[in-house]
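Report on one structure; see the data block that follows.
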Amino acid sequence: MKASNKTIILIITSFVIVAFVDSYFLYAKGQEGVTFLLHTLFIAVCCFVWCKQHATENSVKDLKFFPLLCGLLNVVGIPAYGYAKFGFKKGSKILGGFIGYMVVIVSLTGAIDLLVKQMYV
């Protein structure tokens with residue numbers, strides 16, 4: 001398995017763990033956003049690393065500011081990296097994959113939140 005795919009799996013796993021932790025603290029303790037800052041920084045670092053790994057795996061030279069853009073503003077940075085470095089066809093595949101992963105993440109975290117809410121409410 002490629003290193004960039006392992007980073008994506010790490011990101012999804014972190015969202016699942018954080019969903020359990022945040023939901024527990026919200027419904028059991030009444031505290032909101034316990035992991036927000038730490039998880040936001042973790043995701044920024046993971047997106048930065050993913051961009052560099054993906055570029056290395058695909059022999060992309062001259063990354064310029066794209067890893068930093070992917071880390072700081074990943075909603076803009078990942079599609080911009082895909083289209084700038086791979087063109088329309090492969091850039092669209094990268095964008096589609098990014099949207100697909102976001103749908104999976106939102107679905108998983110929403111389901112986990114509902115599950116934990118049922119346990120404590």
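Labels for the structure tokens follow display order: chains A, B, ..., residues from 1 in each chain, ligands from 1.
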Problem set entry | Selection: 7 Å around region 66-77 of chain A, only C-alpha atoms, excl. self and same-chain fewer than 3 positions, as a PyMOL selection string | chain A and resi 44-45+47-48+51-52+63+80-81
Next, the residues of the selection above should be written as a PDB file, in the first residue's frame with N, CA and C atoms.
ATOM      1  N   ALA A  44      -4.192  19.111   9.554  1.00  0.00           N
ATOM      2  CA  ALA A  44      -3.359  19.996   8.736  1.00  0.00           C
ATOM      3  C   ALA A  44      -2.011  19.347   8.429  1.00  0.00           C
ATOM      4  N   VAL A  45      -1.401  18.752   9.440  1.00  0.00           N
ATOM      5  CA  VAL A  45      -0.116  18.081   9.246  1.00  0.00           C
ATOM      6  C   VAL A  45      -0.284  16.883   8.316  1.00  0.00           C
ATOM      7  N   CYS A  47      -2.535  16.413   5.952  1.00  0.00           N
ATOM      8  CA  CYS A  47      -2.762  16.862   4.574  1.00  0.00           C
ATOM      9  C   CYS A  47      -1.466  17.364   3.937  1.00  0.00           C
ATOM     10  N   PHE A  48      -0.639  18.051   4.710  1.00  0.00           N
ATOM     11  CA  PHE A  48       0.675  18.490   4.237  1.00  0.00           C
ATOM     12  C   PHE A  48       1.527  17.277   3.851  1.00  0.00           C
ATOM     13  N   CYS A  51       0.241  15.443   0.653  1.00  0.00           N
ATOM     14  CA  CYS A  51       0.593  16.126  -0.586  1.00  0.00           C
ATOM     15  C   CYS A  51       2.027  15.790  -0.992  1.00  0.00           C
ATOM     16  N   LYS A  52       2.944  15.838  -0.042  1.00  0.00           N
ATOM     17  CA  LYS A  52       4.345  15.523  -0.339  1.00  0.00           C
ATOM     18  C   LYS A  52       4.506  14.051  -0.732  1.00  0.00           C
ATOM     19  N   LEU A  63       7.001  21.386  -6.361  1.00  0.00           N
ATOM     20  CA  LEU A  63       5.710  21.484  -5.676  1.00  0.00           C
ATOM     21  C   LEU A  63       5.323  22.906  -5.297  1.00  0.00           C
ATOM     22  N   ALA A  80      -6.610  22.227  -6.003  1.00  0.00           N
ATOM     23  CA  ALA A  80      -5.654  23.058  -6.735  1.00  0.00           C
ATOM     24  C   ALA A  80      -4.403  22.264  -7.083  1.00  0.00           C
ATOM     25  N   TYR A  81      -3.911  21.482  -6.143  1.00  0.00           N
ATOM     26  CA  TYR A  81      -2.753  20.622  -6.391  1.00  0.00           C
ATOM     27  C   TYR A  81      -3.063  19.618  -7.498  1.00  0.00           C
TER      28      TYR A  81
END
Problem set entry | Spatial neighbours of Glu32 (chain A), max dist 9 Å, only C-alpha atoms, sep filter under 6 positions, as a PyMOL selection string | chain A and resi 22-23+25-26
Store the residues picked out above, limited to N, CA and C atoms, as a JSON list (two decimals), in the first residue's frame.
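Final file, part24.json:
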[["chain", "number", "residue", "atom", "x", "y", "z"],
["A", 22, "ASP", "N", -15.44, 13.23, 21.19],
["A", 22, "ASP", "CA", -16.25, 14.45, 21.27],
["A", 22, "ASP", "C", -17.70, 14.16, 21.63],
["A", 23, "SER", "N", -18.26, 13.11, 21.06],
["A", 23, "SER", "CA", -19.65, 12.77, 21.39],
["A", 23, "SER", "C", -19.80, 12.35, 22.84],
["A", 25, "PHE", "N", -17.90, 13.32, 25.40],
["A", 25, "PHE", "CA", -17.80, 14.50, 26.26],
["A", 25, "PHE", "C", -19.01, 15.41, 26.10],
["A", 26, "LEU", "N", -19.60, 15.47, 24.91],
["A", 26, "LEU", "CA", -20.77, 16.32, 24.71],
["A", 26, "LEU", "C", -21.97, 15.78, 25.48]]
Problem set entry | Exercise: Cys46 (chain A) partners within 9 Å, only C-alpha atoms, chain neighbours under 5 positions left out, as JSON, numbers by chain | {"A": [7, 8, 10, 11, 41, 51, 71]}
Grab the residues selected above and save them as a CSV table (one decimal), in the first residue's frame with C-alpha atoms.
chain,number,residue,atom,x,y,z
A,7,THR,CA,-2.1,8.7,5.4
A,8,ILE,CA,-5.7,8.9,4.2
A,10,LEU,CA,-4.9,7.6,9.3
A,11,ILE,CA,-7.0,10.7,8.7
A,41,LEU,CA,-3.6,20.7,13.8
A,51,CYS,CA,0.6,16.1,-0.6
A,71,GLY,CA,-2.2,21.7,5.0
Exercise. Leu114 (chain A): which residues within 12 Å, counting only C-alpha atoms, same-chain residues fewer than 3 positions away excluded, as JSON, numbers by chain?
Worked result: {"A": [19, 20, 22, 23, 24, 26, 27, 107, 108, 109, 110, 111, 117, 118, 119, 120, 121]}
May I have the selected residues written with N, CA and C atoms, as a PDB file, in the first residue's frame?
ATOM      1  N   ALA A  19     -14.659  11.453  16.809  1.00  0.00           N
ATOM      2  CA  ALA A  19     -16.125  11.461  16.885  1.00  0.00           C
ATOM      3  C   ALA A  19     -16.592  10.785  18.168  1.00  0.00           C
ATOM      4  N   PHE A  20     -15.993   9.652  18.517  1.00  0.00           N
ATOM      5  CA  PHE A  20     -16.346   8.985  19.771  1.00  0.00           C
ATOM      6  C   PHE A  20     -16.016   9.861  20.977  1.00  0.00           C
ATOM      7  N   ASP A  22     -15.443  13.226  21.193  1.00  0.00           N
ATOM      8  CA  ASP A  22     -16.250  14.447  21.272  1.00  0.00           C
ATOM      9  C   ASP A  22     -17.704  14.159  21.629  1.00  0.00           C
ATOM     10  N   SER A  23     -18.262  13.109  21.065  1.00  0.00           N
ATOM     11  CA  SER A  23     -19.651  12.768  21.385  1.00  0.00           C
ATOM     12  C   SER A  23     -19.798  12.351  22.839  1.00  0.00           C
ATOM     13  N   TYR A  24     -18.835  11.601  23.340  1.00  0.00           N
ATOM     14  CA  TYR A  24     -18.880  11.195  24.745  1.00  0.00           C
ATOM     15  C   TYR A  24     -18.849  12.421  25.653  1.00  0.00           C
ATOM     16  N   LEU A  26     -19.600  15.474  24.906  1.00  0.00           N
ATOM     17  CA  LEU A  26     -20.772  16.317  24.712  1.00  0.00           C
ATOM     18  C   LEU A  26     -21.974  15.780  25.478  1.00  0.00           C
ATOM     19  N   TYR A  27     -22.255  14.494  25.347  1.00  0.00           N
ATOM     20  CA  TYR A  27     -23.477  13.944  25.936  1.00  0.00           C
ATOM     21  C   TYR A  27     -23.302  13.487  27.382  1.00  0.00           C
ATOM     22  N   SER A 107     -20.387  10.936   7.078  1.00  0.00           N
ATOM     23  CA  SER A 107     -21.334   9.857   7.387  1.00  0.00           C
ATOM     24  C   SER A 107     -20.917   9.091   8.637  1.00  0.00           C
ATOM     25  N   LEU A 108     -19.652   8.750   8.723  1.00  0.00           N
ATOM     26  CA  LEU A 108     -19.166   8.009   9.895  1.00  0.00           C
ATOM     27  C   LEU A 108     -19.301   8.818  11.179  1.00  0.00           C
ATOM     28  N   THR A 109     -18.877  10.069  11.140  1.00  0.00           N
ATOM     29  CA  THR A 109     -18.942  10.878  12.361  1.00  0.00           C
ATOM     30  C   THR A 109     -20.395  11.146  12.764  1.00  0.00           C
ATOM     31  N   GLY A 110     -21.267  11.339  11.782  1.00  0.00           N
ATOM     32  CA  GLY A 110     -22.684  11.530  12.102  1.00  0.00           C
ATOM     33  C   GLY A 110     -23.297  10.289  12.727  1.00  0.00           C
ATOM     34  N   ALA A 111     -22.976   9.118  12.167  1.00  0.00           N
ATOM     35  CA  ALA A 111     -23.499   7.860  12.712  1.00  0.00           C
ATOM     36  C   ALA A 111     -22.963   7.611  14.123  1.00  0.00           C
ATOM     37  N   LYS A 117     -25.135   9.412  21.283  1.00  0.00           N
ATOM     38  CA  LYS A 117     -26.261  10.164  21.822  1.00  0.00           C
ATOM     39  C   LYS A 117     -27.329   9.233  22.359  1.00  0.00           C
ATOM     40  N   GLN A 118     -27.604   8.148  21.653  1.00  0.00           N
ATOM     41  CA  GLN A 118     -28.591   7.172  22.122  1.00  0.00           C
ATOM     42  C   GLN A 118     -28.161   6.504  23.430  1.00  0.00           C
ATOM     43  N   MET A 119     -26.885   6.371  23.641  1.00  0.00           N
ATOM     44  CA  MET A 119     -26.387   5.748  24.852  1.00  0.00           C
ATOM     45  C   MET A 119     -26.529   6.660  26.067  1.00  0.00           C
ATOM     46  N   TYR A 120     -26.452   7.977  25.881  1.00  0.00           N
ATOM     47  CA  TYR A 120     -26.436   8.897  27.017  1.00  0.00           C
ATOM     48  C   TYR A 120     -27.685   9.740  27.169  1.00  0.00           C
ATOM     49  N   VAL A 121     -28.570   9.740  26.215  1.00  0.00           N
ATOM     50  CA  VAL A 121     -29.767  10.593  26.314  1.00  0.00           C
ATOM     51  C   VAL A 121     -30.984   9.730  26.530  1.00  0.00           C
TER      52      VAL A 121
END
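Each of A:Val60, A:Ile78, A:Ala3, A:Ile9 was compared to Phe98 (chain A) using only C-alpha atoms, and A:Ile78 turns out to be the nearest.
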Seminar exercise, completed: Pairwise distance, CA of Ser92 (chain A) with CA of Pro79 (chain A), equals 7.9 Å
